[in-house]
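**Q** Hey, dropping run-v9.tsv in here, TSV, C-alpha atoms and all ligand atoms:
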chain	number	residue	atom	x	y	z
J	534	MET	CA	-37.86	-18.09	215.24
J	535	PRO	CA	-36.07	-14.68	215.04
J	536	ARG	CA	-36.82	-12.45	212.03
J	537	VAL	CA	-33.98	-12.14	209.51
J	538	SER	CA	-33.41	-8.90	207.63
J	539	ALA	CA	-32.78	-9.26	203.88
J	540	ARG	CA	-29.65	-7.09	204.29
J	541	ASP	CA	-28.19	-9.61	206.76
J	542	LEU	CA	-28.58	-12.58	204.44
J	543	PRO	CA	-25.27	-14.10	203.36
J	544	ASP	CA	-24.42	-14.47	199.69
J	545	LEU	CA	-25.46	-17.95	198.63
J	546	PRO	CA	-24.59	-20.16	195.69
J	547	LYS	CA	-27.22	-20.11	192.93
J	548	GLY	CA	-30.15	-22.46	193.59
J	549	GLN	CA	-29.66	-22.51	197.37
J	550	LEU	CA	-32.07	-21.08	199.92
J	551	PRO	CA	-30.91	-18.99	202.90
J	552	PRO	CA	-30.49	-21.22	205.99
J	553	HIS	CA	-33.61	-19.92	207.81
J	554	LEU	CA	-35.83	-20.61	204.75
J	555	GLU	CA	-34.22	-24.02	204.18
J	556	LEU	CA	-35.00	-24.82	207.83
J	557	GLN	CA	-38.65	-23.77	207.42
J	558	ARG	CA	-38.92	-25.78	204.20
J	559	THR	CA	-37.50	-29.00	205.62
J	560	ARG	CA	-38.41	-28.93	209.32
J	561	VAL	CA	-41.45	-28.48	211.55
J	562	LEU	CA	-40.25	-26.09	214.24
J	563	CYS	CA	-41.64	-26.78	217.69
J	564	ALA	CA	-42.05	-23.79	219.97
J	565	ALA	CA	-43.16	-24.07	223.60
J	566	ASP	CA	-46.75	-23.14	222.74
J	567	ALA	CA	-47.29	-24.71	219.29
J	568	PRO	CA	-45.44	-26.13	216.28
J	569	THR	CA	-44.86	-23.83	213.30
J	570	HIS	CA	-44.08	-24.32	209.59
J	571	THR	CA	-46.08	-27.53	209.60
J	572	GLU	CA	-47.07	-27.20	205.92
J	573	ASN	CA	-45.26	-28.81	203.02
J	574	ILE	CA	-44.25	-26.33	200.35
J	575	GLN	CA	-45.24	-28.02	197.08
J	576	TYR	CA	-45.62	-25.05	194.72
J	577	ALA	CA	-42.87	-25.19	192.08
J	578	GLY	CA	-42.49	-21.41	192.00
J	579	ALA	CA	-42.53	-20.86	195.78
J	580	TYR	CA	-38.92	-19.61	195.79
J	581	ALA	CA	-38.78	-18.28	192.22
J	582	MET	CA	-37.91	-14.77	193.51
J	583	MET	CA	-34.70	-16.21	194.92
J	584	GLY	CA	-33.90	-18.13	191.79
J	585	VAL	CA	-34.61	-21.49	193.44
J	586	ASP	CA	-36.62	-24.08	191.51
J	587	ASN	CA	-38.95	-25.92	193.93
J	588	SER	CA	-40.48	-28.26	191.33
J	589	PHE	CA	-40.59	-32.03	191.84
J	590	ARG	CA	-37.67	-33.71	190.09
J	591	LEU	CA	-37.63	-37.46	189.66
J	592	ASP	CA	-33.83	-37.72	189.64
J	593	ALA	CA	-33.54	-35.81	192.96
J	594	PHE	CA	-36.33	-37.95	194.46
J	595	SER	CA	-34.68	-41.22	193.36
J	596	LYS	CA	-31.38	-40.07	194.82
J	597	ARG	CA	-32.84	-39.20	198.22
J	598	PHE	CA	-35.58	-41.81	198.65
J	599	ARG	CA	-34.70	-44.84	200.75
J	600	VAL	CA	-36.25	-47.29	203.18
J	601	GLU	CA	-34.24	-48.49	206.17
J	602	VAL	CA	-35.57	-51.33	208.30
J	603	ILE	CA	-34.90	-50.70	211.98
J	604	LYS	CA	-36.72	-53.64	213.54
J	605	LEU	CA	-38.45	-56.66	212.04
J	606	THR	CA	-40.20	-59.47	213.90
J	607	GLU	CA	-42.98	-61.87	212.93
J	608	ASP	CA	-45.57	-59.43	214.29
J	609	ASP	CA	-44.23	-55.93	213.90
J	610	MET	CA	-41.83	-53.85	211.92
J	611	GLU	CA	-40.31	-50.40	212.30
J	612	PHE	CA	-38.67	-48.77	209.32
J	613	ASP	CA	-37.64	-45.33	208.16
J	614	MET	CA	-39.04	-43.97	204.91
J	615	ILE	CA	-36.83	-41.09	203.84
J	616	GLY	CA	-37.37	-38.50	201.13
J	617	ILE	CA	-41.10	-38.94	200.69
J	618	ASP	CA	-44.09	-36.63	200.79
J	619	PRO	CA	-46.43	-36.93	203.83
J	620	ALA	CA	-49.35	-37.62	201.46
J	621	ILE	CA	-47.60	-40.76	200.14
J	622	ALA	CA	-46.66	-41.92	203.65
J	623	ASN	CA	-50.30	-41.47	204.65
J	624	ALA	CA	-51.46	-43.33	201.53
J	625	PHE	CA	-49.41	-46.36	202.65
J	626	ARG	CA	-50.94	-46.16	206.14
J	627	ARG	CA	-54.46	-46.03	204.75
J	628	ILE	CA	-53.85	-48.84	202.23
J	629	LEU	CA	-52.42	-51.02	205.00
J	630	ILE	CA	-55.47	-50.47	207.18
J	631	ALA	CA	-58.19	-50.60	204.56
J	632	ASP	CA	-57.05	-52.11	201.24
J	633	VAL	CA	-54.76	-55.09	201.85
J	634	PRO	CA	-57.04	-58.16	201.97
J	635	THR	CA	-57.20	-60.93	204.59
J	636	MET	CA	-59.51	-63.83	205.40
J	637	ALA	CA	-62.05	-63.33	208.19
J	638	ILE	CA	-65.14	-65.14	209.44
J	639	GLU	CA	-68.15	-63.68	207.65
J	640	LYS	CA	-70.92	-66.24	208.03
J	641	VAL	CA	-71.71	-68.19	211.22
J	642	LEU	CA	-74.17	-71.06	211.06
J	643	ILE	CA	-75.37	-71.67	214.60
J	644	ALA	CA	-76.84	-75.12	215.19
J	645	ASN	CA	-77.13	-74.65	218.95
J	646	ASN	CA	-76.21	-71.88	221.36
J	647	THR	CA	-77.44	-72.06	224.93
J	648	SER	CA	-74.56	-69.92	226.29
J	649	VAL	CA	-75.15	-66.47	227.76
J	650	VAL	CA	-73.54	-64.87	224.67
J	651	GLN	CA	-76.24	-64.01	222.13
J	652	ASP	CA	-75.91	-65.39	218.59
J	653	GLU	CA	-75.11	-62.03	216.99
J	654	VAL	CA	-72.50	-61.14	219.63
J	655	LEU	CA	-70.92	-64.57	219.24
J	656	ALA	CA	-70.79	-64.13	215.45
J	657	HIS	CA	-69.21	-60.69	215.87
J	658	ARG	CA	-66.56	-62.06	218.27
J	659	LEU	CA	-65.73	-64.87	215.85
J	660	GLY	CA	-65.39	-62.39	212.98
J	661	LEU	CA	-62.64	-60.52	214.81
J	662	ILE	CA	-60.42	-63.60	215.40
J	663	PRO	CA	-57.30	-63.31	213.18
J	664	ILE	CA	-56.77	-66.28	210.86
J	665	LYS	CA	-53.19	-67.22	210.01
J	666	VAL	CA	-53.49	-67.87	206.30
J	667	ASP	CA	-52.08	-66.17	203.23
J	668	PRO	CA	-55.06	-64.38	201.61
J	669	ARG	CA	-53.24	-64.36	198.25
J	670	LEU	CA	-54.03	-68.08	197.99
J	671	PHE	CA	-57.78	-67.36	197.94
J	672	GLU	CA	-60.22	-65.64	195.63
J	673	TYR	CA	-62.90	-63.12	196.55
J	674	MET	CA	-66.32	-64.76	196.80
J	675	PRO	CA	-68.77	-63.05	194.44
J	676	GLU	CA	-72.19	-62.29	195.89
J	677	ASN	CA	-74.59	-65.28	195.67
J	678	ASP	CA	-71.76	-67.58	194.55
J	679	THR	CA	-71.33	-71.05	196.04
J	680	PRO	CA	-68.61	-71.33	198.68
J	681	ASN	CA	-65.81	-73.54	197.38
J	682	GLU	CA	-62.29	-74.59	198.37
J	683	ARG	CA	-60.82	-71.51	196.62
J	684	ASN	CA	-62.91	-68.85	198.36
J	685	THR	CA	-63.99	-70.20	201.76
J	686	ILE	CA	-62.41	-71.61	204.91
J	687	VAL	CA	-64.70	-73.49	207.28
J	688	PHE	CA	-64.17	-73.87	211.03
J	689	LYS	CA	-66.28	-75.90	213.42
J	690	LEU	CA	-66.92	-75.30	217.10
J	691	HIS	CA	-68.74	-77.82	219.24
J	692	VAL	CA	-68.32	-77.50	222.99
J	693	LYS	CA	-70.50	-78.56	225.87
J	694	CYS	CA	-70.20	-78.09	229.62
J	695	LYS	CA	-71.66	-81.19	231.23
J	696	LYS	CA	-74.04	-80.87	234.16
J	697	GLY	CA	-72.10	-80.98	237.42
J	698	ASP	CA	-68.84	-79.82	235.76
J	699	PRO	CA	-67.25	-76.47	236.61
J	700	ARG	CA	-67.73	-73.51	234.23
J	701	LEU	CA	-65.95	-74.00	230.92
J	702	THR	CA	-63.98	-71.31	229.11
J	703	VAL	CA	-64.28	-71.65	225.33
J	704	LYS	CA	-61.13	-70.46	223.57
J	705	THR	CA	-60.03	-70.26	219.96
J	706	ASP	CA	-58.08	-73.54	220.21
J	707	GLN	CA	-61.47	-75.29	220.13
J	708	LEU	CA	-62.24	-73.98	216.64
J	709	LYS	CA	-61.33	-76.80	214.24
J	710	TRP	CA	-60.54	-76.31	210.57
J	711	LEU	CA	-62.73	-78.42	208.24
J	712	PRO	CA	-60.63	-78.91	205.06
J	713	ASN	CA	-63.54	-80.70	203.36
J	714	GLY	CA	-65.91	-77.80	203.90
J	715	SER	CA	-69.21	-77.62	205.73
J	716	GLU	CA	-70.55	-80.64	207.59
J	717	LEU	CA	-73.97	-79.14	208.30
J	718	LEU	CA	-76.67	-80.57	206.07
J	719	ILE	CA	-79.20	-78.33	204.35
J	720	ALA	CA	-82.47	-79.65	205.79
J	721	SER	CA	-84.78	-78.77	202.87
J	722	GLU	CA	-82.44	-80.32	200.28
J	723	ASN	CA	-82.00	-83.55	202.21
J	724	THR	CA	-85.68	-84.22	202.71
J	725	ALA	CA	-86.12	-84.06	198.94
J	726	SER	CA	-87.58	-86.95	197.00
J	727	ASN	CA	-84.28	-88.68	196.11
J	728	PRO	CA	-82.90	-90.15	199.36
J	729	ALA	CA	-80.04	-91.83	197.46
J	730	SER	CA	-78.49	-88.50	196.36
J	731	LYS	CA	-75.41	-87.15	198.18
J	732	PRO	CA	-76.47	-85.02	201.20
J	733	LYS	CA	-76.05	-81.31	200.48
J	734	THR	CA	-74.09	-79.04	202.80
J	735	TYR	CA	-73.51	-75.29	202.89
J	736	THR	CA	-70.35	-75.50	200.76
J	737	SER	CA	-69.43	-77.21	197.48
J	738	PHE	CA	-65.80	-78.24	197.82
J	739	THR	CA	-64.53	-80.25	194.84
J	740	CYS	CA	-61.52	-81.44	196.84
J	741	SER	CA	-60.18	-81.28	200.34
J	742	GLN	CA	-58.20	-78.11	201.06
J	743	ASP	CA	-55.46	-80.14	202.75
J	744	SER	CA	-54.86	-81.93	199.44
J	745	LEU	CA	-53.97	-78.58	197.82
J	746	PRO	CA	-50.18	-78.07	197.64
J	747	GLU	CA	-50.43	-74.73	199.52
J	748	PHE	CA	-51.96	-76.34	202.60
J	749	SER	CA	-50.76	-79.97	202.55
J	750	ASN	CA	-47.83	-79.18	204.86
J	751	ASN	CA	-49.22	-75.94	206.17
J	752	PRO	CA	-52.63	-76.44	207.81
J	753	ILE	CA	-54.85	-73.39	208.26
J	754	THR	CA	-54.88	-72.21	211.87
J	755	LEU	CA	-55.87	-69.23	213.93
J	756	LYS	CA	-53.17	-66.75	214.90
J	757	HIS	CA	-53.88	-67.03	218.64
J	758	ASN	CA	-55.18	-70.12	220.42
J	759	ASP	CA	-56.07	-68.42	223.68
J	760	ILE	CA	-58.67	-65.81	222.72
J	761	ILE	CA	-61.76	-66.31	224.87
J	762	ILE	CA	-64.90	-66.79	222.77
J	763	SER	CA	-67.40	-67.50	225.53
J	764	LYS	CA	-67.89	-69.14	228.93
J	765	LEU	CA	-70.26	-72.04	229.42
J	766	GLY	CA	-72.13	-72.94	232.60
J	767	PRO	CA	-73.16	-76.55	233.41
J	768	GLY	CA	-75.58	-77.83	230.76
J	769	GLN	CA	-74.76	-75.10	228.23
J	770	GLU	CA	-73.57	-75.87	224.71
J	771	ILE	CA	-72.37	-74.17	221.52
J	772	GLU	CA	-72.42	-75.90	218.15
J	773	LEU	CA	-71.66	-73.84	215.07
J	774	GLU	CA	-69.79	-73.54	211.81
J	775	ALA	CA	-67.87	-70.39	210.90
J	776	HIS	CA	-67.20	-69.60	207.24
J	777	ALA	CA	-64.29	-67.25	206.48
J	778	VAL	CA	-64.00	-65.36	203.18
J	779	LYS	CA	-61.60	-62.85	201.65
J	780	GLY	CA	-62.27	-59.15	202.18
J	781	ILE	CA	-60.72	-55.76	202.90
J	782	GLY	CA	-60.71	-53.45	205.92
J	783	LYS	CA	-62.70	-50.83	203.99
J	784	THR	CA	-65.70	-53.18	204.17
J	785	HIS	CA	-65.23	-54.13	207.84
J	786	ALA	CA	-62.37	-53.74	210.33
J	787	LYS	CA	-62.24	-57.53	210.82
J	788	TRP	CA	-60.50	-57.81	207.42
J	789	SER	CA	-57.86	-55.23	208.30
J	790	PRO	CA	-54.46	-57.00	208.24
J	791	VAL	CA	-52.93	-54.68	210.84
J	792	SER	CA	-53.60	-54.06	214.52
J	793	THR	CA	-52.27	-50.63	213.68
J	794	ALA	CA	-50.08	-48.89	211.11
J	795	TRP	CA	-48.75	-45.45	212.01
J	796	TYR	CA	-45.90	-43.06	211.44
J	797	ARG	CA	-44.25	-40.04	212.97
J	798	MET	CA	-41.74	-37.58	211.62
J	799	LEU	CA	-38.13	-38.07	212.70
J	800	PRO	CA	-37.43	-35.89	215.77
J	801	GLU	CA	-34.42	-33.59	215.72
J	802	VAL	CA	-33.20	-32.15	219.01
J	803	VAL	CA	-30.45	-29.52	218.80
J	804	LEU	CA	-28.56	-27.71	221.54
J	805	LEU	CA	-28.27	-24.09	220.38
J	806	GLU	CA	-25.62	-23.28	222.96
J	807	GLU	CA	-23.49	-25.14	225.50
J	808	VAL	CA	-25.62	-26.26	228.44
J	809	GLU	CA	-23.30	-26.82	231.39
J	810	ASN	CA	-23.20	-27.89	235.05
J	811	GLU	CA	-26.48	-27.29	236.96
J	812	LYS	CA	-28.31	-26.32	233.76
J	813	ALA	CA	-27.17	-29.58	232.14
J	814	GLU	CA	-28.52	-31.56	235.09
J	815	GLU	CA	-31.77	-29.59	234.96
J	816	LEU	CA	-32.14	-30.36	231.23
J	817	VAL	CA	-31.55	-34.09	231.76
J	818	LYS	CA	-34.24	-34.10	234.47
J	819	LYS	CA	-36.72	-32.22	232.25
J	820	CYS	CA	-36.87	-34.96	229.61
J	821	PRO	CA	-39.13	-37.90	230.56
J	822	VAL	CA	-37.65	-40.22	227.90
J	823	ASN	CA	-33.93	-39.60	228.51
J	824	VAL	CA	-33.10	-37.87	225.25
J	825	PHE	CA	-30.27	-35.95	226.94
J	826	ASP	CA	-27.16	-37.18	228.68
J	827	ILE	CA	-24.27	-35.55	230.52
J	828	GLU	CA	-20.61	-35.81	229.58
J	829	ASP	CA	-17.65	-34.76	231.67
J	830	VAL	CA	-15.43	-32.13	230.10
J	831	ALA	CA	-12.14	-30.68	231.35
J	832	LYS	CA	-11.70	-29.22	234.86
J	833	GLY	CA	-14.69	-31.02	236.41
J	834	LYS	CA	-17.18	-29.33	234.12
J	835	LYS	CA	-20.27	-31.17	232.93
J	836	ARG	CA	-21.98	-30.62	229.59
J	837	ALA	CA	-25.36	-31.75	228.25
J	838	THR	CA	-25.44	-33.80	225.05
J	839	VAL	CA	-28.26	-35.12	222.87
J	840	ALA	CA	-27.94	-38.88	223.32
J	841	GLN	CA	-31.16	-40.34	221.87
J	842	PRO	CA	-33.02	-37.83	219.67
J	843	ARG	CA	-35.11	-40.60	218.09
J	844	ALA	CA	-36.79	-41.25	221.46
J	845	CYS	CA	-38.17	-37.69	221.61
J	846	THR	CA	-41.96	-37.64	221.89
J	847	LEU	CA	-42.27	-33.89	221.28
J	848	CYS	CA	-43.65	-33.23	224.74
J	849	ARG	CA	-41.74	-29.87	224.65
J	850	GLU	CA	-40.89	-30.01	228.37
J	851	CYS	CA	-37.25	-29.16	227.58
J	852	ILE	CA	-38.17	-25.84	225.94
J	853	ARG	CA	-40.66	-24.72	228.59
J	854	GLY	CA	-39.52	-22.27	231.22
J	855	GLU	CA	-37.29	-19.25	231.22
J	856	ASP	CA	-34.88	-18.98	228.25
J	857	TRP	CA	-34.92	-22.69	227.43
J	858	GLU	CA	-36.06	-22.01	223.84
J	859	LYS	CA	-32.77	-20.14	223.36
J	860	ARG	CA	-30.80	-23.18	224.48
J	861	VAL	CA	-32.70	-26.09	222.91
J	862	ALA	CA	-34.50	-26.50	219.56
J	863	VAL	CA	-36.95	-29.31	218.98
J	864	ARG	CA	-37.82	-30.01	215.35
J	865	ARG	CA	-39.29	-32.67	213.09
J	866	VAL	CA	-37.82	-33.62	209.70
J	867	LYS	CA	-40.66	-33.18	207.21
J	868	ASP	CA	-39.73	-35.90	204.75
J	869	HIS	CA	-38.39	-38.57	207.11
J	870	PHE	CA	-41.03	-40.90	208.52
J	871	ILE	CA	-40.62	-43.52	211.22
J	872	PHE	CA	-43.21	-46.07	210.15
J	873	THR	CA	-44.54	-48.86	212.38
J	874	ILE	CA	-46.66	-51.78	211.19
J	875	GLU	CA	-48.21	-54.20	213.67
J	876	SER	CA	-49.58	-57.21	211.82
J	877	SER	CA	-52.76	-58.84	213.10
J	878	GLY	CA	-51.28	-62.19	212.06
J	879	ALA	CA	-52.30	-63.17	208.51
J	880	LEU	CA	-49.09	-61.98	206.85
J	881	PRO	CA	-45.71	-60.81	208.22
J	882	PRO	CA	-45.44	-56.98	208.38
J	883	ASP	CA	-42.78	-56.74	205.64
J	884	VAL	CA	-45.02	-58.68	203.24
J	885	LEU	CA	-47.92	-56.38	204.16
J	886	PHE	CA	-45.83	-53.37	203.20
J	887	THR	CA	-44.84	-54.84	199.83
J	888	GLU	CA	-48.52	-55.66	199.20
J	889	ALA	CA	-49.41	-52.03	200.04
J	890	VAL	CA	-46.79	-50.83	197.52
J	891	LYS	CA	-48.34	-53.09	194.83
J	892	ILE	CA	-51.84	-51.78	195.61
J	893	LEU	CA	-50.67	-48.14	195.37
J	894	GLU	CA	-48.97	-48.97	192.07
J	895	ASP	CA	-52.21	-50.52	190.74
J	896	LYS	CA	-54.22	-47.48	191.84
J	897	CYS	CA	-51.78	-45.12	190.10
J	898	GLU	CA	-51.87	-47.21	186.91
J	899	ARG	CA	-55.69	-47.12	186.95
J	900	VAL	CA	-55.66	-43.32	187.30
J	901	PHE	CA	-53.11	-42.92	184.48
J	902	ALA	CA	-55.14	-45.27	182.26
J	903	GLU	CA	-58.26	-43.19	182.86
J	904	LEU	CA	-56.42	-39.96	182.09
J	905	SER	CA	-54.81	-41.21	178.87
Q	1001	LIG	S1	-39.53	-32.53	223.62
Q	1001	LIG	FE1	-39.88	-33.79	225.42
Q	1001	LIG	S2	-39.20	-35.80	224.80
Q	1001	LIG	FE2	-38.36	-34.38	223.31
Q	1001	LIG	S3	-36.33	-33.89	224.07
Q	1001	LIG	FE3	-37.70	-32.32	224.88
Q	1001	LIG	S4	-38.34	-33.12	226.87
Q	1001	LIG	FE4	-37.44	-34.82	225.78
How does this structure look as structure tokens?
**A**
Amino acid sequence: MPRVSARDLPDLPKGQLPPHLELQRTRVLCAADAPTHTENIQYAGAYAMMGVDNSFRLDAFSKRFRVEVIKLTEDDMEFDMIGIDPAIANAFRRILIADVPTMAIEKVLIANNTSVVQDEVLAHRLGLIPIKVDPRLFEYMPENDTPNERNTIVFKLHVKCKKGDPRLTVKTDQLKWLPNGSELLIASENTASNPASKPKTYTSFTCSQDSLPEFSNNPITLKHNDIIISKLGPGQEIELEAHAVKGIGKTHAKWSPVSTAWYRMLPEVVLLEEVENEKAEELVKKCPVNVFDIEDVAKGKKRATVAQPRACTLCRECIRGEDWEKRVAVRRVKDHFIFTIESSGALPPDVLFTEAVKILEDKCERVFAELS
């Protein structure tokens, strides 16, 4: 960016920064070699010499802050978060990955496994299968507590490839939900002296989960029915029970409710001068994601335009080469984030975001309570 002499600065209304400083404050400037002005200027007195107050003001924040949903499907969501600090945007990303709870398989009771997949690998694979159930309907299971209908979901898998049959692919559609809890009997308990007592299993459900209003018309399923768990050769068999509990991604990635949650700053591509005819065609060819277009102007002239700035990936191809930095400026808006959430399947992405907001609110309240 060219240096500006103080004598050349225009007279500005009180409280306003000169244009070059305003640009540095609000944009990351991308030069051909590296981006500059990447920092966020937080210090309240940063522009005190110019009579500009840089302190955080709630009224100005409330006026500017907004969320605009660009795309929303069952599995993913893209939205713009405008007028927010990068630290807060990053807090949402981290909360989405690590703090919003889901249900995931934690304990696998293997009655028989003669497949080539070892028990521990099988248990790990099962843990990573997304379960389509609202975790808000369940409680966390305290350590050493008994699994019950409010903190555990039980699935059963029993598959066998008969001798003489072709190899069998075991997929997630063969995992069956057991609304009454575990069916495996605890051997030591059931050989006890009182044979008339009710056989004990690995869970203590007081009622069937499908009798609960939340699940009576909404059975618990897995998000995908075609995930391969294992392959069985003739004569091989798997019999197991998988117990899912509530947890968070901070403990293990299997509880993370998102495949990914990420953001990028809004790109801003500006033509600093008219780019015409052959140069316009050259510019269009430079961009791999078609940010630029050509429009016809009078007398057969062609002129480059910025057609899709949002598609810019900041590859900086358009500003490489002789004099192109004088013609094109590539920038990022520092307080405008394009946020993408890809749900792993437990909750829709918009619900995940609102849960993340609630968790951030709780964290802030806890901090304020400790400080007061
Ligand atoms: S930086 Fe790359 S993607 Fe962005 S406009 Fe220039 S060439 Fe296109």
**Q** Do you have, as a Markdown table, the list of residues of chain J lying at most 9 Å from ligand LIG 1001 (chain Q), each with its nearest atom pair and that distance in Å to one decimal, counting all atoms listed in the file and ordered by chain then number?
**A**
| residue | atom | partner | partner_atom | distance |
| --- | --- | --- | --- | --- |
| J:Cys563 | CA | Q:LIG1001 | S1 | 8.5 |
| J:Pro800 | CA | Q:LIG1001 | FE2 | 7.7 |
| J:Glu801 | CA | Q:LIG1001 | S3 | 8.6 |
| J:Val802 | CA | Q:LIG1001 | S3 | 6.2 |
| J:Leu816 | CA | Q:LIG1001 | S4 | 8.1 |
| J:Val817 | CA | Q:LIG1001 | S4 | 8.4 |
| J:Lys818 | CA | Q:LIG1001 | S4 | 8.7 |
| J:Lys819 | CA | Q:LIG1001 | S4 | 5.7 |
| J:Cys820 | CA | Q:LIG1001 | S4 | 3.6 |
| J:Pro821 | CA | Q:LIG1001 | FE4 | 5.9 |
| J:Val822 | CA | Q:LIG1001 | S2 | 5.6 |
| J:Asn823 | CA | Q:LIG1001 | FE4 | 6.5 |
| J:Val824 | CA | Q:LIG1001 | S3 | 5.3 |
| J:Phe825 | CA | Q:LIG1001 | S3 | 7.0 |
| J:Val839 | CA | Q:LIG1001 | S3 | 8.3 |
| J:Gln841 | CA | Q:LIG1001 | S3 | 8.6 |
| J:Pro842 | CA | Q:LIG1001 | S3 | 6.8 |
| J:Arg843 | CA | Q:LIG1001 | FE2 | 8.7 |
| J:Ala844 | CA | Q:LIG1001 | S2 | 6.8 |
| J:Cys845 | CA | Q:LIG1001 | FE2 | 3.7 |
| J:Thr846 | CA | Q:LIG1001 | S2 | 4.4 |
| J:Leu847 | CA | Q:LIG1001 | S1 | 3.9 |
| J:Cys848 | CA | Q:LIG1001 | FE1 | 3.9 |
| J:Arg849 | CA | Q:LIG1001 | S1 | 3.6 |
| J:Glu850 | CA | Q:LIG1001 | S4 | 4.3 |
| J:Cys851 | CA | Q:LIG1001 | S4 | 4.2 |
| J:Ile852 | CA | Q:LIG1001 | FE3 | 6.6 |
| J:Arg853 | CA | Q:LIG1001 | S4 | 8.9 |
| J:Val861 | CA | Q:LIG1001 | FE3 | 8.2 |
| J:Ala862 | CA | Q:LIG1001 | FE3 | 8.5 |
| J:Val863 | CA | Q:LIG1001 | S1 | 6.2 |
| J:Arg864 | CA | Q:LIG1001 | S1 | 8.8 |
**Q** For each of J:Ile753, J:Ala720, J:Met582, J:Ala837, take the minimum atom-to-atom distance to Glu814 (chain J), counting only C-alpha atoms, then give the residue where this is smallest.
**A**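 Once distances to Glu814 (chain J) are computed over only C-alpha atoms, the minimum belongs to J:Ala837.
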**Q** For Ala879 (chain J), find every residue with an atom within 12 Å (counting all atoms listed in the file), except residues of its own chain fewer than 5 positions away, and show them as a PyMOL selection string.
**A** chain J and resi 607-608+633-637+662-670+753-757+779+787-792+884-885
**Q** What is the distance between CA of Glu611 (chain J) and CA of Asn573 (chain J), in Å to one decimal?
**A**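 We find that CA of Glu611 (chain J) and CA of Asn573 (chain J) lie 24.0 Å from each other.
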**Q** Any idea what the distance is between CA of Leu711 (chain J) and CA of Lys689 (chain J)?
**A**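 Computing the Euclidean distance for CA of Leu711 (chain J) and CA of Lys689 (chain J) yields 6.8 Å.
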**Q** Find the spatial neighbours of region 673-679 of chain J, counting all atoms listed in the file, within a cut-off of 7 Å - ignore same-chain residues fewer than 3 positions away - and output them as a list in words.
**A**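 So, after excluding close chain neighbours, the residues are Asn684, Thr736, Ser737, Val778, Lys779 and Gly780 of chain J.
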**Q** May I have the selected residues written with C-alpha atoms, as an mmCIF file, in the coordinates of the input?
**A**
data_model
loop_
_atom_site.group_PDB
_atom_site.id
_atom_site.type_symbol
_atom_site.label_atom_id
_atom_site.label_comp_id
_atom_site.auth_asym_id
_atom_site.auth_seq_id
_atom_site.Cartn_x
_atom_site.Cartn_y
_atom_site.Cartn_z
ATOM 1 C CA ASN J 684 -62.910 -68.850 198.360
ATOM 2 C CA THR J 736 -70.350 -75.500 200.760
ATOM 3 C CA SER J 737 -69.430 -77.210 197.480
ATOM 4 C CA VAL J 778 -64.000 -65.360 203.180
ATOM 5 C CA LYS J 779 -61.600 -62.850 201.650
ATOM 6 C CA GLY J 780 -62.270 -59.150 202.180
#
